[in-house]
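Pasted below: model_29.cif, mmCIF, C-alpha atoms.
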```cif
data_query
loop_
_atom_site.label_atom_id
_atom_site.label_comp_id
_atom_site.auth_asym_id
_atom_site.auth_seq_id
_atom_site.Cartn_x
_atom_site.Cartn_y
_atom_site.Cartn_z
CA MET A 1 17.48 1.25 -31.79
CA ARG A 2 16.15 -2.25 -32.43
CA CYS A 3 15.03 -5.04 -30.11
CA VAL A 4 17.83 -7.61 -29.85
CA ARG A 5 15.23 -10.38 -30.01
CA CYS A 6 12.86 -9.43 -32.82
CA LYS A 7 14.36 -6.30 -34.46
CA ALA A 8 11.20 -4.23 -33.84
CA THR A 9 11.65 -0.65 -32.55
CA ALA A 10 13.08 -0.87 -29.04
CA SER A 11 11.29 0.63 -26.02
CA VAL A 12 13.82 0.01 -23.27
CA GLU A 13 17.59 -0.01 -23.40
CA VAL A 14 19.55 -2.18 -20.94
CA ARG A 15 22.97 -0.66 -21.48
CA ARG A 16 24.77 -2.74 -18.86
CA HIS A 17 23.88 -5.84 -20.92
CA ASN A 18 24.51 -4.03 -24.19
CA ALA A 19 20.90 -4.78 -25.17
CA ALA A 20 17.58 -3.14 -26.01
CA TYR A 21 14.11 -4.67 -26.11
CA CYS A 22 10.67 -3.98 -27.53
CA GLY A 23 7.89 -3.88 -24.91
CA PRO A 24 6.88 -7.58 -24.96
CA HIS A 25 10.48 -8.85 -25.04
CA PHE A 26 11.48 -6.47 -22.23
CA LEU A 27 8.69 -7.88 -20.02
CA GLU A 28 9.85 -11.40 -20.86
CA TRP A 29 13.48 -10.52 -20.06
CA PHE A 30 12.45 -8.85 -16.78
CA GLU A 31 10.39 -11.79 -15.54
CA HIS A 32 13.20 -14.16 -16.49
CA GLN A 33 15.64 -12.11 -14.38
CA VAL A 34 13.34 -12.37 -11.34
CA GLN A 35 12.80 -16.09 -11.86
CA ARG A 36 16.56 -16.56 -12.14
CA ALA A 37 17.17 -14.72 -8.86
CA VAL A 38 14.50 -16.77 -7.05
CA ASP A 39 15.91 -20.07 -8.36
CA ARG A 40 19.61 -19.27 -8.22
CA ASP A 41 19.49 -18.02 -4.63
CA ARG A 42 16.86 -20.59 -3.52
CA MET A 43 14.55 -17.85 -2.25
CA PHE A 44 11.26 -19.79 -2.21
CA THR A 45 9.26 -22.38 -4.12
CA ARG A 46 5.73 -22.39 -5.52
CA SER A 47 4.45 -24.17 -2.43
CA ASP A 48 5.81 -21.48 -0.05
CA ARG A 49 3.60 -18.67 1.22
CA VAL A 50 5.35 -15.40 0.37
CA LEU A 51 4.57 -12.12 2.13
CA VAL A 52 5.47 -9.22 -0.19
CA ALA A 53 6.07 -5.89 1.54
CA VAL A 54 4.27 -3.29 -0.60
CA SER A 55 4.58 0.46 -0.14
CA GLY A 56 2.47 1.54 -3.11
CA GLY A 57 5.60 2.63 -4.98
CA LYS A 58 6.75 1.18 -8.29
CA ASP A 59 9.28 -1.39 -7.09
CA SER A 60 7.08 -3.22 -4.60
CA LEU A 61 3.97 -3.32 -6.80
CA VAL A 62 6.11 -4.54 -9.70
CA LEU A 63 7.56 -7.29 -7.50
CA TRP A 64 4.11 -8.38 -6.39
CA ASP A 65 2.87 -8.36 -10.00
CA VAL A 66 5.80 -10.43 -11.27
CA LEU A 67 5.57 -13.01 -8.48
CA LEU A 68 1.85 -13.49 -9.15
CA ARG A 69 2.50 -13.86 -12.90
CA LEU A 70 5.23 -16.41 -12.20
CA GLY A 71 2.71 -18.45 -10.21
CA TYR A 72 3.90 -17.83 -6.66
CA ARG A 73 1.57 -17.65 -3.63
CA ALA A 74 2.20 -13.97 -2.91
CA THR A 75 0.19 -11.96 -0.36
CA GLY A 76 0.79 -8.21 0.04
CA LEU A 77 1.59 -6.47 3.33
CA HIS A 78 1.18 -2.71 3.50
CA LEU A 79 2.29 -0.62 6.46
CA ASN A 80 0.44 2.69 6.74
CA LEU A 81 3.04 5.04 8.22
CA GLY A 82 0.61 7.83 9.06
CA ILE A 83 2.28 10.44 6.84
CA GLY A 84 -0.89 12.35 5.88
CA GLU A 85 -1.98 12.41 2.25
CA TYR A 86 1.10 10.47 1.10
CA SER A 87 0.18 7.47 3.28
CA ARG A 88 -3.49 7.64 2.33
CA LEU A 89 -2.64 7.56 -1.37
CA SER A 90 -0.04 4.79 -0.90
CA GLN A 91 -2.54 2.52 0.84
CA GLU A 92 -5.13 3.27 -1.83
CA LYS A 93 -2.73 2.16 -4.61
CA CYS A 94 -2.01 -1.12 -2.80
CA GLU A 95 -5.71 -1.77 -2.21
CA SER A 96 -6.60 -1.08 -5.87
CA PHE A 97 -3.81 -3.40 -7.02
CA ALA A 98 -5.09 -6.20 -4.76
CA ARG A 99 -8.74 -5.63 -5.68
CA GLU A 100 -8.08 -5.65 -9.45
CA ARG A 101 -6.24 -8.97 -9.20
CA GLY A 102 -8.41 -10.54 -6.52
CA VAL A 103 -5.46 -11.17 -4.21
CA GLU A 104 -5.07 -10.78 -0.46
CA LEU A 105 -3.56 -7.68 1.16
CA VAL A 106 -2.71 -7.36 4.85
CA VAL A 107 -2.73 -3.78 6.16
CA VAL A 108 -1.01 -2.63 9.34
CA ASP A 109 -1.74 0.87 10.57
CA LEU A 110 1.25 2.27 12.48
CA PRO A 111 -0.67 5.04 14.30
CA ALA A 112 -3.28 2.49 15.42
CA THR A 113 -0.54 0.05 16.52
CA CYS A 114 1.71 2.33 18.54
CA GLY A 115 -0.27 5.51 19.05
CA VAL A 116 1.60 7.79 16.65
CA GLY A 117 2.73 7.91 13.04
CA VAL A 118 6.33 7.52 11.92
CA GLU A 119 7.12 11.25 11.86
CA GLU A 120 5.95 11.73 15.45
CA LEU A 121 7.73 8.53 16.47
CA ALA A 122 10.97 9.88 15.02
CA ARG A 123 10.53 13.32 16.60
CA LEU A 124 9.77 11.93 20.05
CA THR A 125 12.75 9.57 20.03
CA GLY A 126 15.34 11.82 18.38
CA ARG A 127 15.69 9.61 15.31
CA VAL A 128 15.59 10.64 11.67
CA ALA A 129 12.32 9.61 10.03
CA CYS A 130 13.94 7.00 7.73
CA SER A 131 15.48 5.28 10.74
CA ALA A 132 12.17 5.05 12.66
CA CYS A 133 10.50 3.90 9.44
CA GLY A 134 13.11 1.19 8.70
CA LEU A 135 13.00 -0.13 12.25
CA SER A 136 9.17 -0.25 12.26
CA LYS A 137 9.12 -2.07 8.92
CA ARG A 138 11.68 -4.71 9.89
CA TYR A 139 9.83 -5.37 13.15
CA LEU A 140 6.29 -5.45 11.78
CA PHE A 141 7.08 -7.43 8.62
CA ASN A 142 8.61 -10.18 10.74
CA LYS A 143 5.80 -10.07 13.32
CA VAL A 144 3.02 -10.27 10.72
CA ALA A 145 4.81 -13.05 8.81
CA LEU A 146 5.08 -15.10 12.00
CA GLU A 147 1.52 -14.49 13.12
CA TYR A 148 0.04 -15.44 9.75
CA GLY A 149 2.43 -18.35 9.12
CA PHE A 150 4.29 -17.06 6.04
CA ASP A 151 7.47 -18.88 4.99
CA VAL A 152 9.30 -15.86 3.68
CA VAL A 153 9.15 -12.04 3.49
CA ALA A 154 10.03 -10.54 0.09
CA THR A 155 11.07 -6.90 -0.21
CA ALA A 156 11.54 -4.97 -3.45
CA HIS A 157 15.10 -3.74 -2.96
CA ASN A 158 16.60 -3.42 -6.44
CA LEU A 159 20.15 -3.24 -7.78
CA ASP A 160 20.32 0.54 -7.22
CA ASP A 161 19.15 0.20 -3.60
CA GLU A 162 21.67 -2.52 -2.87
CA ALA A 163 24.56 -0.70 -4.59
CA ALA A 164 23.77 2.49 -2.63
CA VAL A 165 23.61 0.65 0.71
CA LEU A 166 26.84 -1.15 -0.15
CA LEU A 167 28.57 2.14 -0.89
CA SER A 168 27.25 3.61 2.34
CA ASN A 169 28.47 0.63 4.37
CA LEU A 170 31.88 0.79 2.67
CA ILE A 171 32.21 4.51 3.39
CA SER A 172 31.38 4.03 7.05
CA GLY A 173 33.42 0.81 7.33
CA ASN A 174 30.44 -1.04 8.80
CA VAL A 175 31.85 -4.57 8.59
CA GLU A 176 28.92 -6.25 10.37
CA ALA A 177 26.41 -4.66 7.99
CA LEU A 178 28.57 -5.63 5.00
CA ALA A 179 28.73 -9.23 6.21
CA ARG A 180 24.91 -9.34 6.43
CA GLN A 181 24.16 -7.61 3.11
CA ALA A 182 22.77 -10.30 0.83
CA PRO A 183 19.75 -11.10 -1.35
CA VAL A 184 18.75 -13.82 1.13
CA LEU A 185 18.75 -13.71 4.93
CA GLU A 186 18.07 -17.24 6.09
CA ARG A 187 15.88 -18.16 9.04
CA THR A 188 18.61 -18.33 11.69
CA HIS A 189 16.09 -18.49 14.56
CA PRO A 190 12.56 -19.98 14.67
CA ALA A 191 11.10 -16.49 15.24
CA LEU A 192 13.12 -14.75 12.50
CA VAL A 193 11.38 -15.27 9.18
CA LYS A 194 13.57 -15.69 6.08
CA LYS A 195 13.94 -12.47 4.04
CA VAL A 196 14.61 -12.22 0.32
CA LYS A 197 15.13 -9.55 -2.35
CA PRO A 198 14.07 -10.99 -5.74
CA LEU A 199 14.73 -7.70 -7.61
CA TYR A 200 18.41 -7.47 -6.70
CA ARG A 201 19.46 -8.23 -10.28
CA ILE A 202 17.29 -5.44 -11.73
CA ALA A 203 17.99 -1.71 -11.99
CA GLU A 204 15.54 0.85 -10.70
CA ARG A 205 15.03 2.28 -14.18
CA GLU A 206 13.97 -1.18 -15.35
CA THR A 207 11.33 -1.61 -12.63
CA ALA A 208 9.90 1.80 -13.59
CA ALA A 209 9.80 0.73 -17.26
CA TYR A 210 8.08 -2.54 -16.30
CA ALA A 211 5.44 -0.61 -14.30
CA VAL A 212 4.72 1.67 -17.28
CA LEU A 213 4.53 -1.19 -19.78
CA ARG A 214 2.23 -3.26 -17.53
CA GLY A 215 0.09 -0.22 -16.68
CA ILE A 216 0.69 -0.61 -12.95
CA ASP A 217 -0.68 2.41 -11.11
CA TYR A 218 1.79 3.43 -8.39
CA VAL A 219 2.53 6.43 -6.18
CA LEU A 220 4.74 8.70 -8.24
CA ASP A 221 5.55 11.14 -5.48
CA GLU A 222 8.46 10.42 -3.23
CA CYS A 223 7.92 10.02 0.50
CA PRO A 224 8.02 13.63 1.73
CA ARG A 225 10.48 12.59 4.45
CA SER A 226 13.04 11.06 2.10
CA VAL A 227 13.90 14.33 0.39
CA GLY A 228 17.59 14.91 0.92
CA ALA A 229 18.08 11.42 2.32
CA ARG A 230 21.64 10.16 2.11
CA THR A 231 20.58 7.20 -0.05
CA LEU A 232 19.42 9.61 -2.77
CA LEU A 233 22.81 11.33 -2.82
CA LEU A 234 24.61 7.99 -3.14
CA LYS A 235 22.26 6.92 -5.94
CA GLU A 236 22.93 10.16 -7.78
CA ALA A 237 26.68 9.55 -7.58
CA LEU A 238 26.29 5.96 -8.80
CA ASN A 239 24.06 7.09 -11.66
CA LEU A 240 26.73 9.55 -12.81
CA LEU A 241 29.18 6.65 -12.98
CA GLU A 242 26.58 4.45 -14.69
CA ARG A 243 25.92 7.09 -17.35
CA ASP A 244 29.52 7.06 -18.51
CA ALA A 245 30.42 3.49 -17.56
CA PRO A 246 27.34 1.24 -17.97
CA GLY A 247 27.44 -1.74 -15.64
CA THR A 248 29.14 0.02 -12.73
CA LYS A 249 26.30 -0.63 -10.25
CA GLN A 250 26.01 -4.27 -11.26
CA SER A 251 29.77 -4.87 -11.07
CA LEU A 252 29.99 -3.15 -7.69
CA TYR A 253 27.24 -5.22 -6.10
CA TRP A 254 27.72 -8.55 -7.83
CA ASN A 255 31.50 -8.55 -7.35
CA PHE A 256 30.93 -7.73 -3.70
CA LEU A 257 28.54 -10.69 -3.32
CA GLU A 258 30.75 -13.09 -5.21
CA LYS A 259 34.29 -12.12 -4.20
CA LEU A 260 34.31 -9.90 -1.11
CA ARG A 261 31.39 -10.95 1.06
CA PRO A 262 32.65 -14.56 1.48
CA LEU A 263 35.78 -13.08 3.09
CA LEU A 264 33.65 -11.35 5.72
CA GLN A 265 31.78 -14.33 7.10
CA ASP A 266 33.88 -14.35 10.28
CA HIS A 267 32.40 -10.93 11.00
CA GLN A 268 28.80 -12.11 11.19
CA ALA A 269 27.70 -10.93 14.62
CA PRO A 270 27.50 -14.13 16.71
CA LEU A 271 25.16 -12.51 19.26
CA PRO A 272 22.53 -14.95 20.57
CA VAL A 273 18.94 -14.20 19.60
CA ARG A 274 16.37 -14.26 22.40
CA SER A 275 12.80 -13.16 23.00
CA CYS A 276 12.04 -9.53 23.83
CA LEU A 277 10.85 -9.30 27.45
CA HIS A 278 8.01 -6.99 26.43
CA CYS A 279 6.67 -8.29 23.11
CA GLY A 280 8.28 -11.70 22.64
CA GLN A 281 9.75 -10.87 19.23
CA PRO A 282 13.36 -11.93 18.49
CA THR A 283 16.10 -9.55 19.59
CA THR A 284 19.72 -9.54 20.68
CA ALA A 285 18.96 -7.26 23.66
CA GLU A 286 16.64 -7.74 26.66
CA VAL A 287 14.05 -5.41 25.13
CA CYS A 288 13.90 -5.12 21.34
CA ALA A 289 14.70 -1.87 19.50
CA PHE A 290 11.08 -1.39 18.40
CA CYS A 291 9.72 -1.68 21.95
CA ARG A 292 12.44 0.68 23.21
CA MET A 293 11.52 3.22 20.54
CA THR A 294 7.74 3.04 21.01
CA GLU A 295 8.01 3.01 24.81
CA ARG A 296 10.25 6.07 24.75
CA ALA A 297 7.74 7.83 22.51
CA ALA A 298 4.87 6.79 24.78
CA ALA A 299 6.70 8.04 27.86
CA LYS A 300 7.18 11.41 26.22
CA LEU A 301 3.55 11.55 25.27
CA ARG A 302 2.68 10.49 28.84
CA VAL A 303 0.27 7.93 27.53
CA ARG A 304 0.33 4.19 27.89
CA THR A 305 0.29 3.01 24.31
CA LEU A 306 2.81 0.20 24.41
CA PRO A 307 2.97 -2.03 21.33
CA SER A 308 0.09 -4.44 21.41
CA PRO A 309 0.89 -8.09 22.15
CA HIS A 310 -2.18 -8.91 20.07
CA PRO A 311 -2.24 -9.35 16.29
CA VAL A 312 -1.54 -5.99 14.69
CA ALA A 313 -2.76 -6.66 11.20
CA SER A 314 -6.24 -6.60 9.73
CA LEU A 315 -7.38 -8.48 6.71
CA PRO A 316 -9.90 -6.59 4.56
CA MET B 1 7.92 20.58 -28.04
CA LYS B 2 6.11 20.46 -24.73
CA VAL B 3 7.88 18.48 -22.00
CA ARG B 4 6.23 17.65 -18.70
CA ILE B 5 8.79 16.94 -15.99
CA ARG B 6 6.85 14.97 -13.37
CA HIS B 7 9.19 15.13 -10.40
CA GLN B 8 9.83 18.86 -10.71
CA ARG B 9 6.12 19.50 -11.27
CA ARG B 10 6.78 21.75 -14.21
CA GLU B 11 6.22 21.91 -17.92
CA VAL B 12 8.84 23.35 -20.24
CA GLU B 13 9.23 24.04 -23.95
CA VAL B 14 12.25 22.46 -25.66
CA HIS B 15 13.27 23.56 -29.15
CA GLY B 16 15.65 22.15 -31.73
CA ALA B 17 16.10 18.67 -30.24
CA ARG B 18 16.01 15.89 -32.83
CA HIS B 19 16.43 12.94 -30.48
CA VAL B 20 15.44 12.08 -26.91
CA ARG B 21 19.11 12.30 -25.88
CA GLU B 22 19.22 15.97 -26.92
CA VAL B 23 16.04 16.74 -24.96
CA LEU B 24 17.61 15.33 -21.79
CA ASP B 25 20.90 17.15 -22.50
CA GLN B 26 19.08 20.46 -22.81
CA LEU B 27 17.29 19.84 -19.51
CA ASP B 28 20.50 18.66 -17.85
CA LEU B 29 18.94 15.32 -16.84
CA ASN B 30 20.90 12.09 -16.44
CA PRO B 31 19.25 9.43 -18.71
CA GLU B 32 19.88 6.81 -16.01
CA THR B 33 17.45 8.60 -13.68
CA VAL B 34 14.38 9.08 -15.90
CA LEU B 35 12.02 7.45 -18.39
CA VAL B 36 10.83 9.38 -21.43
CA ILE B 37 7.25 8.66 -22.47
CA ARG B 38 5.28 9.77 -25.55
CA ARG B 39 1.59 8.80 -25.66
CA ASN B 40 2.07 5.78 -23.33
CA GLU B 41 5.07 4.66 -25.34
CA LEU B 42 8.57 4.38 -23.82
CA LEU B 43 11.32 5.98 -25.89
CA THR B 44 14.99 5.05 -26.12
CA LEU B 45 17.68 7.76 -26.23
CA ASP B 46 18.08 7.58 -30.01
CA ALA B 47 14.33 7.85 -30.72
CA PRO B 48 13.55 10.80 -33.03
CA VAL B 49 11.31 13.56 -31.66
CA SER B 50 9.61 16.49 -33.37
CA GLU B 51 8.39 19.96 -32.39
CA GLU B 52 4.77 18.72 -32.28
CA ASP B 53 5.52 16.00 -29.69
CA GLU B 54 4.37 16.12 -26.10
CA LEU B 55 6.72 14.22 -23.83
CA GLU B 56 6.50 13.12 -20.22
CA ILE B 57 9.67 12.72 -18.21
CA ARG B 58 9.19 10.40 -15.26
CA PRO B 59 11.73 9.98 -12.45
CA VAL B 60 12.84 6.46 -11.55
CA VAL B 61 14.90 7.08 -8.42
CA SER B 62 13.27 6.55 -5.05
CA GLY B 63 14.96 6.89 -1.73
CA GLY B 64 14.80 6.66 2.00
CA ASP B 65 17.39 4.91 4.07
CA HIS B 66 17.55 1.16 3.65
CA ALA B 67 20.14 0.33 6.26
CA VAL B 68 20.65 -3.41 6.64
CA ARG B 69 20.03 -4.11 10.30
CA GLU B 70 18.17 -6.62 12.38
CA VAL B 71 15.98 -5.81 15.34
#
```
As structure tokens:
Amino acid sequence: MRCVRCKATASVEVRRHNAAYCGPHFLEWFEHQVQRAVDRDRMFTRSDRVLVAVSGGKDSLVLWDVLLRLGYRATGLHLNLGIGEYSRLSQEKCESFARERGVELVVVDLPATCGVGVEELARLTGRVACSACGLSKRYLFNKVALEYGFDVVATAHNLDDEAAVLLSNLISGNVEALARQAPVLERTHPALVKKVKPLYRIAERETAAYAVLRGIDYVLDECPRSVGARTLLLKEALNLLERDAPGTKQSLYWNFLEKLRPLLQDHQAPLPVRSCLHCGQPTTAEVCAFCRMTERAAAKLRVRTLPSPHPVASLP
Amino acid sequence: MKVRIRHQRREVEVHGARHVREVLDQLDLNPETVLVIRRNELLTLDAPVSEEDELEIRPVVSGGDHAVREV
């Protein structure tokens, strides 16, 4: 197979575009796709301060790398979830990445912030680990972005992630979630920072290829708590379709964004956003979901480790 | 040839495959879910392979639940 640009031996095939690229032309194509998403969806500009949520996995470190190469003011934010060796290694990868490039990384330690790690938090509150993890991330990313004055939070959700969530929301008929699923969530309230997903045009296999070609050192092991997660099952099903019908994931998600989502805008939850009585963060309830979760866990532990009203992040 | 499958933490011997596609077929792996690497070089499905090669198969799928909700 030959590179469609220079006819050298190809390294990466992009079947959904009926194309293949050599290493250098693949990197060029990849960065162009990210730039196109940022521009087309008006995610941010070069004067904005972007907070990139980094887990230490391939997608988030690739996103951070690309944004820096494209000249954006991108700072990393890593949340240590307190999952033993996995979390230690994940933080180490993020710190090495930041050190090698001389860029700033904010680290939030979940056990230090609310007394327990994400597994214990889930166990004490009867949630599955991924749910406690997702809730903690959404809360803390927004809180840190506000406290440090960032304009936008960027997460590394890729085409596969978005297609799997879309399928899940379709299966469960979750109209509100479908109406909100988009590459950009605008700042609808002064305390809700804008959120963007610059990798939504790129498949997971392509971010992995980019990481290998750029020599980005990431955590290869999966989070030990995600084994058997529903998302993985949905991705497997979509990848079976993709194998025999290239472009399925892209058509599913892009057609949804272009043709179906506009029909759902009446279903955007019109609930008023207010300040949480306990922590002041935006919520639609009296007390936000994160405070309710951490307070329930604290009550079970019989200790008073309510979420701190003080800054939770530490700069190295 | 020697094939190291990273996500299953195992190393297997594959014989008789002439192209990457046949290696993945023999191991019953969906090409959409892995990268095939030989000496730091990424290989496409039609790339020829030989018995002397040592290949690494790296998973690309990561999971966890990414429900779209606001706090």
Closest of A:Gly215, A:Gly57, A:Pro183, A:Gly247 to Gly63 (chain B) - atom-to-atom distances counting all atoms listed in the file: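 With all atoms listed in the file as the atom set, the closest residue is A:Gly57.
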Counting only C-alpha atoms, I want the residues whose atoms come within 7 Å of (2.7, 19.7, -22.7) in the file frame, returned as a list in words.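 Selection result: Lys2, Val3, Arg4, Glu11, Glu54 and Leu55 of chain B.
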Can you write out the residues you just picked, keeping C-alpha atoms, as a PDB file, in the frame of the given file?
```pdb
ATOM      1  CA  LYS B   2       6.110  20.460 -24.730  1.00  0.00           C
ATOM      2  CA  VAL B   3       7.880  18.480 -22.000  1.00  0.00           C
ATOM      3  CA  ARG B   4       6.230  17.650 -18.700  1.00  0.00           C
ATOM      4  CA  GLU B  11       6.220  21.910 -17.920  1.00  0.00           C
ATOM      5  CA  GLU B  54       4.370  16.120 -26.100  1.00  0.00           C
ATOM      6  CA  LEU B  55       6.720  14.220 -23.830  1.00  0.00           C
TER       7      LEU B  55
END
```
Closest to chain B among A:Leu271, A:Leu124, A:Ala211, A:Ala289, using only C-alpha atoms?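 For chain B, the nearest of the given residues is A:Ala289.
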Using only C-alpha atoms, which chain A residues lie at most 8 Å away from chain B, written as JSON, numbers by chain? {"A": [1, 10, 11, 12, 13, 130, 131, 134, 135, 138, 139, 161, 165, 177, 180, 181, 204, 205, 208, 209, 212, 213, 221, 222, 223, 225, 226, 227, 229, 230, 231, 232, 235, 239, 240, 242, 243, 282, 283, 284, 288, 289, 290]}
Could you give me, as a PyMOL selection string, the residues within 8 Å of region 256-266 of chain A, counting all atoms listed in the file and dropping anything in the same chain fewer than 6 positions from it? chain A and resi 175+178-179+182
Using the chain letters and numbering of this document, enumerate as number ranges by chain the residues selected by the PyMOL selection byres ((chain A and resi 292-297) around 12). A: 110-111, 113-127, 131-133, 135-136, 139, 276-279, 283, 285-291, 298-308; B: 71
Just the number, please: distance in Å from CA of Val219 (chain A) to CA of Val193 (chain A), one decimal. 28.0 Å
Residues picked by the PyMOL selection byres ((chain A and resi 33) around 12) here, as a PyMOL selection string? chain A and resi 26-32+34-40+63+66-67+70+158-159+198-203+206-207
The PyMOL selection byres ((chain A and resi 196) around 6) resolved against shown file, as an MDAnalysis selection string: chainID A and resid 154 183:184 195 197
Between CA of Asp53 (chain B) and CA of Met1 (chain B), what distance in Å does the model show, to one decimal?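 Rounded to one decimal, the two atoms are 5.4 Å apart.
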Quick check, in Å to one decimal: how far apart do CA of Glu22 (chain B) and CA of His17 (chain A) lie?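 Between CA of Glu22 (chain B) and CA of His17 (chain A) the gap is 23.1 Å.
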Pick from A:Gly84, A:Ser251, A:His267, A:Leu220: nearest to Arg9 (chain B), with all atoms listed in the file counted?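 Answer, going by the shortest atom-to-atom distance: A:Leu220.
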Hey, which of A:Ala8, A:Leu166, A:Cys94, A:Cys3 ends up closest to Tyr21 (chain A)? Count all atoms listed in the file.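 Checking each of A:Ala8, A:Leu166, A:Cys94, A:Cys3 against Tyr21 (chain A), counting all atoms listed in the file, the winner is A:Cys3.
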Let me have the centre and edge lengths in Å, one decimal, of the box along x, y and z around every listed atom of region 21-27 of chain B with 8 Å of margin on each side, as lines of an AutoDock Vina configuration file.
```
center_x = 18.5
center_y = 16.4
center_z = -23.2
size_x = 20.9
size_y = 24.2
size_z = 23.4
```
What's the 12 Å shell around Gln26 (chain B), counting all atoms listed in the file, without same-chain residues fewer than 6 positions away, as a compact mmCIF listing (two decimals) with C-alpha atoms, in the coordinates of the input?
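See result_11.txt below for the written result:
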```txt
# COMPACT_ATOMS: atom_id res chain seq x y z
CA VAL B 3 7.88 18.48 -22.00
CA VAL B 12 8.84 23.35 -20.24
CA GLU B 13 9.23 24.04 -23.95
CA VAL B 14 12.25 22.46 -25.66
CA HIS B 15 13.27 23.56 -29.15
CA GLY B 16 15.65 22.15 -31.73
CA ALA B 17 16.10 18.67 -30.24
CA ARG B 18 16.01 15.89 -32.83
CA HIS B 19 16.43 12.94 -30.48
CA VAL B 20 15.44 12.08 -26.91
```
Around the point (2.8, -18.6, 1.4), in the coordinates given by the file, pick out the residues reaching within 8 Å, counting all atoms listed in the file, and return them as a ChimeraX atom specification. /A:47-51,73-75,149-152
